[in-house]
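Please read the structure below before turning to the comments.
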Amino acid sequence: MKSIRCNECGLLNWDTREACKRCHTPLFPAPVEVQPEIAPVAASPATPGVPLTVAEYYPVVAMDQHVRSHRKPAFIFAAIGLFLIIAAIPVLIAFAVPISTWVYEGPTPDYAKLITSSTDYKKTWNILLNRENEIYISTAEQMSGLNIQHKAKLLPETLMLYHAGLLKFHEITAPPNEFADVAFLMNEFTNEPATEEIGRQWRVLNRRMKIADSPVNESNQWWIVPIGEREYVQVTESQKRYDFATSTNFLDVTFKWKWKPNDFGRALDIADPSYKLPEDIIGRGNWLPADSLGMPVRDSRVTYEGYAELRRKDDLTWAVDKIWFGDSPDQHYPSNQQNQFSHYHYLDIEGF
């Protein structure tokens, strides 16, 4: 039989006893329950008397629960963010207008100086007259009398200058100094200035072209006839414009101007006492009134419309990029960008 010493008082006791005979202290300690091994987690300050959470006992399980519990809120937040982005688009567009307006801030340019000093404005207002004319009248027609229907290819302005004594007609088959009345033209002819002084003010343009879509209205030579100058009146409208593609500021300016006719222009001026319509010059029976319906109405008493595109340069000054003038008081930009005389020529000509 074996003896066991008490750890408390040191008395030897038989191993059959469970407690010390002297101090009654248990001779054998209670068995310790072995817990399963748990993965280590980050230490956190423990509060005495507060039990550990599930996450502290089973971190892997708690993490999976955390992920599952946050999936739904994350999806909701993403949906809300997408909605806010879509809703913000109109707001951003609305802010674009104040931004572009801010770009335009600066001193108002001197419209009158810019427009009147531009190259196109300072040019004399010119018109084109076809100098050479071809007519084809058969022998039978010539024997039956005059057939002025062939004169419809004459521009209305040609007849009006003829009526004012500024030009005359010369048949090509006639002697050099022999001129014919418009009513008796039967062969190919030219329009010539009435005097040498007038001839020095007109210029000849050599080019083959058509008037409108008619196959017979062709001429090798044209007269460039100055009809007056332009007088600036005032700006009627100004609109700011910003080109994002080129980062450039523009001003679209509409203005009014008046026509100051010269001696040639007064023959076309409806306000002049001697003004006469083409069909009244040649006779209504010999002239188709429709031929003068497309002629611009030129009136020195009223104002005409003009348009100018102004561009702000890098040095913050302004330049005229484009300028347009109406041929008639009832012509407006941009509906009448192609002036009446754009039908008479296809390329830009100096003075137009």
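Labeling convention for the structure tokens: chains A, B, ... as they appear, residues from 1 per chain, ligands from 1 in order of appearance.
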Would you mind listing what lies within 9 Å of A:Lys322 as a PyMOL selection string, with only C-alpha atoms counted and same-chain residues fewer than 4 positions away left out? chain A and resi 120+307-310
Write the residues you've just listed into a file as an mmCIF file, in the first residue's frame, and include C-alpha atoms for each of them.
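out_36.cif was written with the following content:
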```cif
data_model
loop_
_atom_site.group_PDB
_atom_site.id
_atom_site.type_symbol
_atom_site.label_atom_id
_atom_site.label_comp_id
_atom_site.auth_asym_id
_atom_site.auth_seq_id
_atom_site.Cartn_x
_atom_site.Cartn_y
_atom_site.Cartn_z
ATOM 1 C CA ASP A 120 -15.267 93.014 -97.357
ATOM 2 C CA TYR A 307 -24.281 89.778 -90.514
ATOM 3 C CA ALA A 308 -20.793 89.483 -89.081
ATOM 4 C CA GLU A 309 -19.078 86.617 -87.276
ATOM 5 C CA LEU A 310 -16.534 87.938 -84.779
#
```
Determine, counting only C-alpha atoms, which protein, DNA and RNA residues have an atom within 9 Å of an atom of A:Val235; residues of the same chain fewer than 5 positions away are not included. Present the result as JSON, numbers by chain. {"A": [111, 112, 253, 254, 255, 256]}
Mind the document's chain letters and residue numbers, and return as JSON, numbers by chain the residues of stretch 241-274 of chain A that DSSP labels strand (DSSP E or B). {"A": [241, 242, 243, 248, 249, 250, 251, 252, 253, 254, 255, 256, 257, 258, 259, 260, 261, 269]}
Please provide the set of residues having any atom within 10 Å of A:Glu8, restricted to only C-alpha atoms, with same-chain residues fewer than 5 positions apart removed, written as JSON, numbers by chain. {"A": [20, 22, 23, 24, 25, 26, 27]}
Would you mind listing what lies within 6 Å of stretch 181-191 of chain A as a PyMOL selection string, with only C-alpha atoms counted and same-chain residues fewer than 5 positions away left out? chain A and resi 131-135+168-172
